[in-house]
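Engineer: Mind looking over this structure? Questions follow.
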Amino acid sequence: MRKGSTVLPSTERTRSRRAPQRPGDRVFSGLSTGAGVLILVVLAGVAAFLVAEAWPALIAPADEVPGPDGIVLYIWPLLFGTLLAAFLALLIAAPLAVAIALFITHYAPRRIAQALGYIIDLLAAIPSIIYGLWGIQVLAPLTVEPAGWLEENLGFIPLFAGPASTTGRTMLVAALVLAVMILPIVSAVVREAFRQTPRLHEEASLALGATRWEMIRMAVLPFGRSSIIGASMLGLGRALGETMAVAIVLSVSGGVTFNLISSGNPGTIAANIALEFPESTGIAVNTLIASGLVLFAVTLLVNMAARAVINRRREFSGAN
Amino acid sequence: MAKRIEVKDLDIYYDKFLAVQGVSMTIQPRSVTALIGPSGCGKSTFLRTLNRMHELVPGARVDGKVFMDDEDLYGPGVDPVSVRRQIGMVFQRPNPFPTMSIYENVAAGIRLNGGRMKKSELDDVVERSLRSANLWAEVKDRLNRPGSGLSGGQQQRLCIARAIAVQPGVLLMDEPCSALDPISTQAIEDLMLELKTDYTIVIVTHNMQQAARVSDVTGFFNLRGVGQPGELVEIDETTKIFSTPSNKATEDYISGRFG
Ligand SMILES: Nc1ncnc2c1ncn2[C@@H]1O[C@H](COP(=O)(O)OP(=O)(O)O)[C@@H](O)[C@H]1O
Ligand SMILES: [Mg+2]
């Protein structure tokens, strides 16, 4: 520490005195600054567009916007449905992704690990409409019977209150489809983090007499913690914004409910926009855009929350 | 508590590559045994067979016997995890867990070894270990700060505290000072002399003065030739090795004529 602080300034000084600015450095720093500014400009542009287009709906009288009771009650169930589907999907996908990443990096023989890695990456290349079709044609029918069982035996839990849908186009299936969709990106990010766990720390715990699982808990998981959070947020962002798959799978009737296995579900913002937009005009379009603005804000909040969580334990992150 | 180690005819392989051949030695309790030799001759490899860390490398295996007191460490049914719980290890580069506080680092091994311990007892163990590692005075006011915030020498002493917190029978050190400045090195050497009253210590070192300063017994490893496995050339009282070694190669090495 002490050594660093006396050595650093002097080298800094000699560098600024002697080293000429190289053209490569200047070009690169220009490019990266430019890219950073561009992102901010685009983001601000999108926000400005959303606000401008949503404004007429926000100030319109309640009886002019679609839905019976004004814009807030129009968007609220959609927001609720969006959050419910996305968080449920994350709840399913995140542990699975961590488990898969652990298996690939620390348990599987190299051959199997590689093959599995490729297969999972391939999942990311499937267009979302295919997931939607798979959800409604394959997964939904498969869930009908288990959903009936859940209603009968665990019906006292509000999540499984029923009546169980006979088509399987439920919130549960929508969340499952979303979970499969976000699995590749989440597990890929987590896998890379786990792979980079310093050998040094793995050996430290093994030499203390840790079993493999204890080693993973002591060295691998803490090291990958911020990546797990980051990857989850990435997945959550995708799930929040996913349109086609949900539009196809979910049977919507607008109610705000935690009931996961009935056919009376709240819609989601993105799917609702896709479904309603072609037939909307005038203030209805502004209302849809207003719902988009809400989604934008929520996604932003989620990301900021994730940042905050990661930063809170930065000192212990191993990055210093 | 301090245990004796006896190695009989140990051959050490990485897959098909024979890295070290035919090592036999006895390591006495409550002493410091130094292993010296040119790099690549298998000192680290040998050290890691003593706590069964060697076999973590895919395909790595050994042939021969290692006893700790009367327990056959490579006997059938012996769990390598339980061997490692009884034999502590300190590495070349200090490696405290970056995600844990200083306190948690020292407690880490105890939490593994069956876990449950009253908070007050654990506090005592942590303090005693840090005191034994000559680190207590420097960190007692910041036990909840991350271990990675310490200096290199402090980190290494933290690693020693972590290793001795579980009261191992043997303490292995693989070039523990090679990443440290002379002052920190001095601190660790002093520490080794204190610790040997309670522990059996085996240290690999590149620094012959260090071997001469801290060890009671010195073993000299060498390569038999290019592409040949490493071997234990001779092992004897440190004073004897550094004054009148019985082998020509040892004499050449310690007088700096090669390696
Ligand atoms: N993980 C490994 N896989 C294969 N060979 C290895 C591995 N680690 C070390 N070796 C080989 O074993 C021999 C001894 O290495 P090492 O024990 O590190 O020597 P030293 O510690 O004396 O410098 C060397 O030939 C080295 O290349
Ligand atoms: Mg070595």
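In the structure tokens, chains take letters A, B, ... by order of appearance, with residues numbered from 1 within each chain and ligands from 1 in the order shown.
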Show me which residues are within 6 Å of ligand 1 counting only C-alpha atoms and all ligand atoms, and format the list as a list in words.

Structural biologist: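 I would give the residues around ligand 1 as Tyr14, Ala19, Ser39, Gly40, Cys41, Gly42, Lys43, Ser44, Thr45 and Val57 of chain B.
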
Engineer: Just the selected residues (C-alpha atoms), exported as a PDB file, in the first residue's frame, please.

Structural biologist:
```pdb
ATOM      1  CA  TYR B  14       0.887 -36.444 -13.746  1.00  0.00           C
ATOM      2  CA  ALA B  19       7.398 -36.213 -12.077  1.00  0.00           C
ATOM      3  CA  SER B  39      12.901 -25.262  -9.941  1.00  0.00           C
ATOM      4  CA  GLY B  40      10.973 -27.938 -11.770  1.00  0.00           C
ATOM      5  CA  CYS B  41      12.425 -30.782  -9.731  1.00  0.00           C
ATOM      6  CA  GLY B  42       9.120 -31.538  -8.057  1.00  0.00           C
ATOM      7  CA  LYS B  43       9.233 -29.873  -4.632  1.00  0.00           C
ATOM      8  CA  SER B  44       5.738 -28.444  -4.933  1.00  0.00           C
ATOM      9  CA  THR B  45       4.477 -31.656  -6.426  1.00  0.00           C
ATOM     10  CA  VAL B  57      -5.077 -32.339 -11.036  1.00  0.00           C
TER      11      VAL B  57
END
```

Engineer: Using 7 Å as the limit and counting only C-alpha atoms, can you tabulate each residue of chain B that touches chain A, with its shortest atom-to-atom distance in Å and the two atoms involved, as JSON lines?

Structural biologist:
```
{"residue": "B:Met53", "atom": "CA", "partner": "A:Ala207", "partner_atom": "CA", "distance": 6.9}
{"residue": "B:Val81", "atom": "CA", "partner": "A:Gly209", "partner_atom": "CA", "distance": 4.9}
{"residue": "B:Ser82", "atom": "CA", "partner": "A:Gly209", "partner_atom": "CA", "distance": 6.3}
{"residue": "B:Arg84", "atom": "CA", "partner": "A:Gly209", "partner_atom": "CA", "distance": 4.6}
{"residue": "B:Arg85", "atom": "CA", "partner": "A:Gly209", "partner_atom": "CA", "distance": 4.3}
{"residue": "B:Gly88", "atom": "CA", "partner": "A:Leu208", "partner_atom": "CA", "distance": 6.4}
{"residue": "B:Met89", "atom": "CA", "partner": "A:Ala207", "partner_atom": "CA", "distance": 6.1}
{"residue": "B:Asn95", "atom": "CA", "partner": "A:His201", "partner_atom": "CA", "distance": 6.1}
{"residue": "B:Phe97", "atom": "CA", "partner": "A:His201", "partner_atom": "CA", "distance": 6.3}
{"residue": "B:Pro98", "atom": "CA", "partner": "A:Gly318", "partner_atom": "CA", "distance": 4.6}
{"residue": "B:Thr99", "atom": "CA", "partner": "A:Phe316", "partner_atom": "CA", "distance": 4.3}
{"residue": "B:Met100", "atom": "CA", "partner": "A:Phe316", "partner_atom": "CA", "distance": 6.5}
{"residue": "B:Gly109", "atom": "CA", "partner": "A:Leu208", "partner_atom": "CA", "distance": 5.7}
{"residue": "B:Leu112", "atom": "CA", "partner": "A:Ala210", "partner_atom": "CA", "distance": 6.4}
{"residue": "B:Pro146", "atom": "CA", "partner": "A:Phe316", "partner_atom": "CA", "distance": 5.9}
{"residue": "B:Ser148", "atom": "CA", "partner": "A:Asn320", "partner_atom": "CA", "distance": 6.9}
{"residue": "B:Ser151", "atom": "CA", "partner": "A:Met1", "partner_atom": "CA", "distance": 6.5}
{"residue": "B:Ala163", "atom": "CA", "partner": "A:Leu208", "partner_atom": "CA", "distance": 6.9}
```

Engineer: For all heavy atoms, I'd like the residues from the last selection saved as a compact mmCIF listing (two decimals), in the first residue's frame.

Structural biologist:
```
# COMPACT_ATOMS: atom_id res chain seq x y z
N MET B 53 -3.46 -32.93 -2.08
CA MET B 53 -3.92 -31.91 -3.01
C MET B 53 -3.50 -32.28 -4.44
O MET B 53 -4.08 -31.84 -5.41
CB MET B 53 -3.32 -30.54 -2.68
CG MET B 53 -3.88 -29.87 -1.45
SD MET B 53 -5.55 -29.25 -1.69
CE MET B 53 -5.21 -27.75 -2.61
N VAL B 81 -10.53 -35.46 1.83
CA VAL B 81 -11.02 -34.26 2.50
C VAL B 81 -10.62 -34.27 3.98
O VAL B 81 -10.17 -33.26 4.53
CB VAL B 81 -12.56 -34.15 2.35
CG1 VAL B 81 -13.13 -33.12 3.31
CG2 VAL B 81 -12.91 -33.78 0.92
N SER B 82 -10.72 -35.44 4.61
CA SER B 82 -10.38 -35.48 6.04
C SER B 82 -8.87 -35.38 6.23
O SER B 82 -8.39 -34.84 7.23
CB SER B 82 -10.94 -36.74 6.70
OG SER B 82 -10.16 -37.85 6.35
N ARG B 84 -6.96 -33.47 4.37
CA ARG B 84 -6.67 -32.04 4.24
C ARG B 84 -7.12 -31.25 5.46
O ARG B 84 -6.59 -30.18 5.74
CB ARG B 84 -7.35 -31.49 2.98
CG ARG B 84 -6.70 -32.00 1.72
CD ARG B 84 -7.40 -31.51 0.48
NE ARG B 84 -7.24 -32.51 -0.58
CZ ARG B 84 -8.22 -32.91 -1.39
NH1 ARG B 84 -9.42 -32.39 -1.28
NH2 ARG B 84 -7.98 -33.81 -2.29
N ARG B 85 -8.11 -31.77 6.17
CA ARG B 85 -8.53 -31.06 7.39
C ARG B 85 -7.47 -31.18 8.48
O ARG B 85 -7.41 -30.35 9.38
CB ARG B 85 -9.87 -31.62 7.88
CG ARG B 85 -10.97 -31.12 6.99
CD ARG B 85 -12.35 -31.47 7.43
NE ARG B 85 -13.27 -30.94 6.41
CZ ARG B 85 -14.59 -31.04 6.45
NH1 ARG B 85 -15.17 -31.64 7.44
NH2 ARG B 85 -15.31 -30.53 5.48
N GLY B 88 -2.54 -28.55 7.29
CA GLY B 88 -2.76 -27.21 6.76
C GLY B 88 -1.79 -26.88 5.65
O GLY B 88 -0.71 -27.47 5.54
N MET B 89 -2.16 -25.91 4.81
CA MET B 89 -1.27 -25.55 3.71
C MET B 89 -1.27 -24.04 3.50
O MET B 89 -2.31 -23.38 3.57
CB MET B 89 -1.70 -26.25 2.43
CG MET B 89 -0.72 -26.08 1.30
SD MET B 89 -0.98 -27.32 0.01
CE MET B 89 0.64 -27.43 -0.69
N ASN B 95 -3.48 -16.02 -0.33
CA ASN B 95 -4.80 -16.18 -0.93
C ASN B 95 -5.94 -16.17 0.08
O ASN B 95 -6.73 -17.09 0.15
CB ASN B 95 -4.84 -17.48 -1.76
CG ASN B 95 -4.50 -18.71 -0.92
OD1 ASN B 95 -4.18 -18.58 0.26
ND2 ASN B 95 -4.57 -19.87 -1.51
N PHE B 97 -9.60 -15.36 1.36
CA PHE B 97 -10.83 -15.27 0.57
C PHE B 97 -11.24 -13.81 0.45
O PHE B 97 -11.49 -13.15 1.46
CB PHE B 97 -11.95 -16.06 1.22
CG PHE B 97 -11.66 -17.53 1.30
CD1 PHE B 97 -11.50 -18.16 2.52
CD2 PHE B 97 -11.52 -18.29 0.14
CE1 PHE B 97 -11.22 -19.51 2.59
CE2 PHE B 97 -11.24 -19.63 0.21
CZ PHE B 97 -11.09 -20.25 1.43
N PRO B 98 -11.29 -13.30 -0.77
CA PRO B 98 -11.56 -11.86 -0.94
C PRO B 98 -12.97 -11.47 -0.55
O PRO B 98 -13.22 -10.32 -0.24
CB PRO B 98 -11.34 -11.65 -2.44
CG PRO B 98 -11.57 -12.97 -3.07
CD PRO B 98 -11.17 -13.99 -2.05
N THR B 99 -13.87 -12.44 -0.55
CA THR B 99 -15.26 -12.09 -0.23
C THR B 99 -15.54 -12.20 1.26
O THR B 99 -16.66 -12.00 1.69
CB THR B 99 -16.22 -13.02 -0.99
OG1 THR B 99 -15.84 -14.36 -0.73
CG2 THR B 99 -16.14 -12.77 -2.48
N MET B 100 -14.51 -12.55 2.04
CA MET B 100 -14.74 -12.69 3.47
C MET B 100 -13.94 -11.64 4.25
O MET B 100 -12.89 -11.19 3.81
CB MET B 100 -14.27 -14.07 3.95
CG MET B 100 -15.09 -15.21 3.42
SD MET B 100 -14.47 -16.72 4.17
CE MET B 100 -15.23 -17.93 3.09
N GLY B 109 -12.04 -22.38 8.27
CA GLY B 109 -11.74 -23.80 8.43
C GLY B 109 -12.59 -24.44 9.52
O GLY B 109 -13.01 -25.59 9.40
N LEU B 112 -15.96 -25.28 8.43
CA LEU B 112 -15.98 -26.52 7.65
C LEU B 112 -15.94 -27.74 8.55
O LEU B 112 -16.70 -28.67 8.38
CB LEU B 112 -14.77 -26.60 6.72
CG LEU B 112 -14.72 -25.65 5.54
CD1 LEU B 112 -13.43 -25.88 4.79
CD2 LEU B 112 -15.90 -25.89 4.63
N PRO B 146 -12.40 -6.43 4.84
CA PRO B 146 -11.99 -7.54 3.96
C PRO B 146 -10.50 -7.87 4.10
O PRO B 146 -9.68 -6.98 4.28
CB PRO B 146 -12.29 -7.01 2.55
CG PRO B 146 -12.49 -5.55 2.69
CD PRO B 146 -12.92 -5.28 4.08
N SER B 148 -8.58 -8.83 1.88
CA SER B 148 -7.80 -8.41 0.71
C SER B 148 -7.28 -6.99 0.85
O SER B 148 -6.49 -6.54 0.03
CB SER B 148 -8.66 -8.54 -0.56
OG SER B 148 -9.91 -7.92 -0.36
N SER B 151 -1.75 -5.76 3.58
CA SER B 151 -0.54 -5.83 2.75
C SER B 151 -0.21 -7.29 2.46
O SER B 151 -0.75 -8.19 3.10
CB SER B 151 0.63 -5.18 3.48
OG SER B 151 1.10 -6.06 4.49
N ALA B 163 -4.82 -21.27 8.53
CA ALA B 163 -4.42 -22.67 8.51
C ALA B 163 -4.29 -23.26 9.91
O ALA B 163 -4.67 -24.41 10.15
CB ALA B 163 -3.10 -22.83 7.75
```

Engineer: Please, which residues have at least one atom within 12 Å of an atom of ligand 2, using only C-alpha atoms and all ligand atoms, listed as a ChimeraX atom specification?

Structural biologist: /B:35-48,91-93,173-176,178,203-206,221

Engineer: Hey, what does DSSP flag as strand (DSSP E or B) within region 99-215 of chain B? Can you give it to me as a list in words?

Structural biologist: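 Taking region 99-215 of chain B and keeping strand (DSSP E or B) gives Ser101, Pro146, Val170, Leu171, Leu172, Met173, Asp174, Thr200, Ile201, Val202, Ile203 and Val204 of chain B.
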
Engineer: Just write the chosen residues, all heavy atoms, as a CSV table (one decimal), in the first residue's frame.

Structural biologist:
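Wrote out25.csv, looks like this:
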```csv
chain,number,residue,atom,x,y,z
B,101,SER,N,-14.4,-11.3,5.4
B,101,SER,CA,-13.7,-10.4,6.3
B,101,SER,C,-12.5,-11.2,6.9
B,101,SER,O,-12.4,-12.4,6.8
B,101,SER,CB,-14.6,-10.0,7.4
B,101,SER,OG,-15.0,-11.1,8.3
B,146,PRO,N,-12.4,-6.4,4.8
B,146,PRO,CA,-12.0,-7.5,4.0
B,146,PRO,C,-10.5,-7.9,4.1
B,146,PRO,O,-9.7,-7.0,4.3
B,146,PRO,CB,-12.3,-7.0,2.5
B,146,PRO,CG,-12.5,-5.6,2.7
B,146,PRO,CD,-12.9,-5.3,4.1
B,170,VAL,N,0.0,-31.0,10.9
B,170,VAL,CA,1.2,-30.7,10.1
B,170,VAL,C,0.9,-29.4,9.3
B,170,VAL,O,-0.3,-29.2,8.9
B,170,VAL,CB,1.5,-31.8,9.1
B,170,VAL,CG1,2.7,-31.4,8.2
B,170,VAL,CG2,1.7,-33.1,9.8
B,171,LEU,N,1.9,-28.6,9.1
B,171,LEU,CA,1.7,-27.3,8.3
B,171,LEU,C,2.6,-27.3,7.1
B,171,LEU,O,3.8,-27.4,7.3
B,171,LEU,CB,1.9,-26.1,9.2
B,171,LEU,CG,1.5,-24.8,8.7
B,171,LEU,CD1,0.0,-24.7,8.3
B,171,LEU,CD2,1.8,-23.7,9.7
B,172,LEU,N,2.1,-27.3,5.9
B,172,LEU,CA,2.9,-27.3,4.7
B,172,LEU,C,2.9,-25.9,4.2
B,172,LEU,O,1.9,-25.2,4.1
B,172,LEU,CB,2.3,-28.2,3.7
B,172,LEU,CG,1.9,-29.6,4.1
B,172,LEU,CD1,1.2,-30.4,2.9
B,172,LEU,CD2,3.1,-30.4,4.5
B,173,MET,N,4.1,-25.5,3.7
B,173,MET,CA,4.3,-24.1,3.2
B,173,MET,C,5.1,-24.2,1.9
B,173,MET,O,6.2,-24.7,1.9
B,173,MET,CB,5.0,-23.2,4.1
B,173,MET,CG,4.3,-23.0,5.5
B,173,MET,SD,5.2,-21.9,6.5
B,173,MET,CE,4.0,-21.4,7.6
B,174,ASP,N,4.5,-23.7,0.8
B,174,ASP,CA,5.1,-23.8,-0.5
B,174,ASP,C,5.6,-22.4,-0.8
B,174,ASP,O,4.9,-21.5,-1.3
B,174,ASP,CB,4.2,-24.3,-1.6
B,174,ASP,CG,4.9,-24.6,-2.9
B,174,ASP,OD1,6.1,-24.3,-3.0
B,174,ASP,OD2,4.2,-25.1,-3.8
B,200,THR,N,4.3,-29.5,13.2
B,200,THR,CA,5.2,-30.0,12.3
B,200,THR,C,5.2,-29.2,11.1
B,200,THR,O,4.1,-29.0,10.5
B,200,THR,CB,4.9,-31.5,11.9
B,200,THR,OG1,4.7,-32.2,13.1
B,200,THR,CG2,6.0,-32.1,11.1
B,201,ILE,N,6.3,-28.6,10.7
B,201,ILE,CA,6.3,-27.7,9.5
B,201,ILE,C,7.2,-28.2,8.4
B,201,ILE,O,8.3,-28.6,8.7
B,201,ILE,CB,6.8,-26.3,10.0
B,201,ILE,CG1,5.8,-25.7,11.0
B,201,ILE,CG2,6.9,-25.3,8.8
B,201,ILE,CD1,6.2,-24.3,11.6
B,202,VAL,N,6.6,-28.2,7.2
B,202,VAL,CA,7.4,-28.5,6.0
B,202,VAL,C,7.4,-27.3,5.1
B,202,VAL,O,6.3,-26.9,4.8
B,202,VAL,CB,6.9,-29.8,5.3
B,202,VAL,CG1,7.8,-30.2,4.2
B,202,VAL,CG2,6.7,-30.9,6.2
B,203,ILE,N,8.5,-26.8,4.7
B,203,ILE,CA,8.6,-25.6,3.9
B,203,ILE,C,9.4,-25.8,2.7
B,203,ILE,O,10.5,-26.4,2.7
B,203,ILE,CB,9.1,-24.4,4.7
B,203,ILE,CG1,9.2,-23.2,3.8
B,203,ILE,CG2,10.4,-24.7,5.4
B,203,ILE,CD1,9.7,-21.9,4.5
B,204,VAL,N,8.8,-25.5,1.5
B,204,VAL,CA,9.6,-25.5,0.3
B,204,VAL,C,10.2,-24.1,0.1
B,204,VAL,O,9.4,-23.1,0.3
B,204,VAL,CB,8.7,-25.8,-0.9
B,204,VAL,CG1,9.4,-25.5,-2.2
B,204,VAL,CG2,8.2,-27.2,-0.9
```

Engineer: Quick one: residues within 8 Å of Ala271 (chain A), only C-alpha atoms, excluding same-chain residues fewer than 2 positions away - as a VMD selection string?

Structural biologist: chain A and resid 242 to 244 246 to 247 267 to 269 273 to 275

Engineer: Counting only C-alpha atoms, what is within 7 Å of region 125-137 of chain B, bar same-chain residues fewer than 4 positions away, as a PDB file with N, CA, C and O atoms, in the first residue's frame?

Structural biologist:
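Below is the file selection01.pdb, written as the result:
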```pdb
ATOM      1  N   TYR B 103     -11.976 -11.749  10.016  1.00  0.00           N
ATOM      2  CA  TYR B 103     -12.517 -12.695  10.991  1.00  0.00           C
ATOM      3  C   TYR B 103     -13.022 -13.967  10.301  1.00  0.00           C
ATOM      4  O   TYR B 103     -12.669 -15.080  10.689  1.00  0.00           O
ATOM      5  N   VAL B 106     -10.333 -16.386   9.089  1.00  0.00           N
ATOM      6  CA  VAL B 106      -9.735 -17.243  10.108  1.00  0.00           C
ATOM      7  C   VAL B 106     -10.718 -18.328  10.536  1.00  0.00           C
ATOM      8  O   VAL B 106     -10.338 -19.476  10.791  1.00  0.00           O
ATOM      9  N   ALA B 107     -12.006 -17.964  10.562  1.00  0.00           N
ATOM     10  CA  ALA B 107     -13.015 -18.920  11.018  1.00  0.00           C
ATOM     11  C   ALA B 107     -13.391 -19.935   9.948  1.00  0.00           C
ATOM     12  O   ALA B 107     -14.057 -20.936  10.245  1.00  0.00           O
ATOM     13  N   GLU B 121     -16.677 -18.815  21.800  1.00  0.00           N
ATOM     14  CA  GLU B 121     -15.568 -19.758  21.569  1.00  0.00           C
ATOM     15  C   GLU B 121     -14.855 -19.422  20.268  1.00  0.00           C
ATOM     16  O   GLU B 121     -13.624 -19.413  20.196  1.00  0.00           O
ATOM     17  N   ARG B 157       0.315 -13.805   6.604  1.00  0.00           N
ATOM     18  CA  ARG B 157       0.150 -14.201   8.004  1.00  0.00           C
ATOM     19  C   ARG B 157      -1.313 -14.530   8.296  1.00  0.00           C
ATOM     20  O   ARG B 157      -1.606 -15.411   9.106  1.00  0.00           O
ATOM     21  N   ILE B 160      -1.727 -17.970   7.289  1.00  0.00           N
ATOM     22  CA  ILE B 160      -1.167 -18.871   8.296  1.00  0.00           C
ATOM     23  C   ILE B 160      -2.148 -19.002   9.471  1.00  0.00           C
ATOM     24  O   ILE B 160      -2.417 -20.105   9.956  1.00  0.00           O
ATOM     25  N   ALA B 161      -2.725 -17.867   9.885  1.00  0.00           N
ATOM     26  CA  ALA B 161      -3.715 -17.910  10.966  1.00  0.00           C
ATOM     27  C   ALA B 161      -4.893 -18.798  10.570  1.00  0.00           C
ATOM     28  O   ALA B 161      -5.392 -19.590  11.371  1.00  0.00           O
ATOM     29  N   ILE B 164      -3.799 -22.467  10.869  1.00  0.00           N
ATOM     30  CA  ILE B 164      -3.583 -23.038  12.206  1.00  0.00           C
ATOM     31  C   ILE B 164      -4.819 -22.945  13.087  1.00  0.00           C
ATOM     32  O   ILE B 164      -4.846 -23.544  14.163  1.00  0.00           O
ATOM     33  N   ALA B 165      -5.854 -22.235  12.622  1.00  0.00           N
ATOM     34  CA  ALA B 165      -7.068 -22.113  13.433  1.00  0.00           C
ATOM     35  C   ALA B 165      -7.679 -23.482  13.726  1.00  0.00           C
ATOM     36  O   ALA B 165      -8.300 -23.677  14.758  1.00  0.00           O
ATOM     37  N   LEU B 191       7.970 -16.220  12.754  1.00  0.00           N
ATOM     38  CA  LEU B 191       6.742 -16.931  13.070  1.00  0.00           C
ATOM     39  C   LEU B 191       6.943 -18.444  12.991  1.00  0.00           C
ATOM     40  O   LEU B 191       6.492 -19.202  13.850  1.00  0.00           O
TER      41      LEU B 191
END
```

Engineer: Find the residues around region 134-147 of chain A up to 9 Å (only C-alpha atoms counted), leave out those fewer than 5 positions away in its own chain, and share them as a VMD selection string.

Structural biologist: chain A and resid 129 152 160 162 164 to 170 172 to 174 176 to 177 245 248 to 250 261 to 262

Engineer: The selected residues should be written to file as an mmCIF file, in the first residue's frame (atoms: N, CA and C atoms).

Structural biologist:
```cif
data_model
loop_
_atom_site.group_PDB
_atom_site.id
_atom_site.type_symbol
_atom_site.label_atom_id
_atom_site.label_comp_id
_atom_site.auth_asym_id
_atom_site.auth_seq_id
_atom_site.Cartn_x
_atom_site.Cartn_y
_atom_site.Cartn_z
ATOM 1 N N ILE A 129 -40.945 -16.328 -31.275
ATOM 2 C CA ILE A 129 -42.263 -16.819 -31.695
ATOM 3 C C ILE A 129 -42.301 -18.353 -31.642
ATOM 4 N N GLU A 152 -56.449 -29.085 -6.617
ATOM 5 C CA GLU A 152 -57.133 -29.972 -5.684
ATOM 6 C C GLU A 152 -56.397 -30.060 -4.354
ATOM 7 N N PHE A 160 -52.411 -21.236 -6.313
ATOM 8 C CA PHE A 160 -52.983 -22.389 -7.007
ATOM 9 C C PHE A 160 -54.492 -22.491 -6.770
ATOM 10 N N GLY A 162 -56.993 -21.806 -8.586
ATOM 11 C CA GLY A 162 -57.818 -22.307 -9.670
ATOM 12 C C GLY A 162 -58.980 -21.354 -9.954
ATOM 13 N N ALA A 164 -58.484 -24.463 -12.404
ATOM 14 C CA ALA A 164 -57.395 -24.750 -13.317
ATOM 15 C C ALA A 164 -57.859 -24.619 -14.760
ATOM 16 N N SER A 165 -57.027 -23.960 -15.548
ATOM 17 C CA SER A 165 -57.358 -23.755 -16.961
ATOM 18 C C SER A 165 -57.387 -25.090 -17.694
ATOM 19 N N THR A 166 -58.329 -25.221 -18.622
ATOM 20 C CA THR A 166 -58.399 -26.472 -19.385
ATOM 21 C C THR A 166 -57.531 -26.417 -20.631
ATOM 22 N N THR A 167 -57.052 -25.198 -20.975
ATOM 23 C CA THR A 167 -56.188 -25.091 -22.150
ATOM 24 C C THR A 167 -54.719 -25.017 -21.752
ATOM 25 N N GLY A 168 -54.466 -24.671 -20.491
ATOM 26 C CA GLY A 168 -53.083 -24.529 -20.043
ATOM 27 C C GLY A 168 -52.467 -23.203 -20.414
ATOM 28 N N ARG A 169 -53.276 -22.257 -20.900
ATOM 29 C CA ARG A 169 -52.685 -20.953 -21.271
ATOM 30 C C ARG A 169 -52.652 -20.046 -20.050
ATOM 31 N N THR A 170 -51.843 -20.451 -19.083
ATOM 32 C CA THR A 170 -51.843 -19.797 -17.779
ATOM 33 C C THR A 170 -50.601 -18.945 -17.558
ATOM 34 N N LEU A 172 -48.563 -19.491 -15.237
ATOM 35 C CA LEU A 172 -47.492 -20.437 -14.945
ATOM 36 C C LEU A 172 -46.768 -20.851 -16.225
ATOM 37 N N VAL A 173 -47.535 -21.165 -17.257
ATOM 38 C CA VAL A 173 -46.912 -21.588 -18.509
ATOM 39 C C VAL A 173 -46.164 -20.428 -19.150
ATOM 40 N N ALA A 174 -46.761 -19.236 -19.105
ATOM 41 C CA ALA A 174 -46.073 -18.072 -19.660
ATOM 42 C C ALA A 174 -44.729 -17.876 -18.966
ATOM 43 N N LEU A 176 -42.989 -20.158 -17.387
ATOM 44 C CA LEU A 176 -42.083 -21.254 -17.740
ATOM 45 C C LEU A 176 -41.429 -21.006 -19.088
ATOM 46 N N VAL A 177 -42.245 -20.555 -20.048
ATOM 47 C CA VAL A 177 -41.684 -20.274 -21.371
ATOM 48 C C VAL A 177 -40.646 -19.161 -21.275
ATOM 49 N N ALA A 245 -43.852 -14.366 -27.382
ATOM 50 C CA ALA A 245 -44.130 -15.625 -26.697
ATOM 51 C C ALA A 245 -45.295 -15.470 -25.726
ATOM 52 N N ILE A 248 -48.669 -15.026 -27.446
ATOM 53 C CA ILE A 248 -49.245 -16.268 -27.951
ATOM 54 C C ILE A 248 -49.773 -17.146 -26.823
ATOM 55 N N VAL A 249 -48.996 -17.250 -25.752
ATOM 56 C CA VAL A 249 -49.312 -18.242 -24.726
ATOM 57 C C VAL A 249 -50.434 -17.801 -23.792
ATOM 58 N N LEU A 250 -50.377 -16.554 -23.338
ATOM 59 C CA LEU A 250 -51.190 -16.179 -22.191
ATOM 60 C C LEU A 250 -52.639 -15.877 -22.576
ATOM 61 N N ILE A 261 -52.717 -20.592 -12.178
ATOM 62 C CA ILE A 261 -53.133 -21.727 -12.999
ATOM 63 C C ILE A 261 -54.516 -21.556 -13.607
ATOM 64 N N SER A 262 -55.098 -20.355 -13.531
ATOM 65 C CA SER A 262 -56.421 -20.176 -14.134
ATOM 66 C C SER A 262 -56.281 -19.538 -15.506
#
```

Engineer: Taking into account only C-alpha atoms, which residue in the set B:Tyr253, B:Tyr74, B:Tyr199, B:Phe220 is nearest to Val23 (chain B)?

Structural biologist: B:Phe220
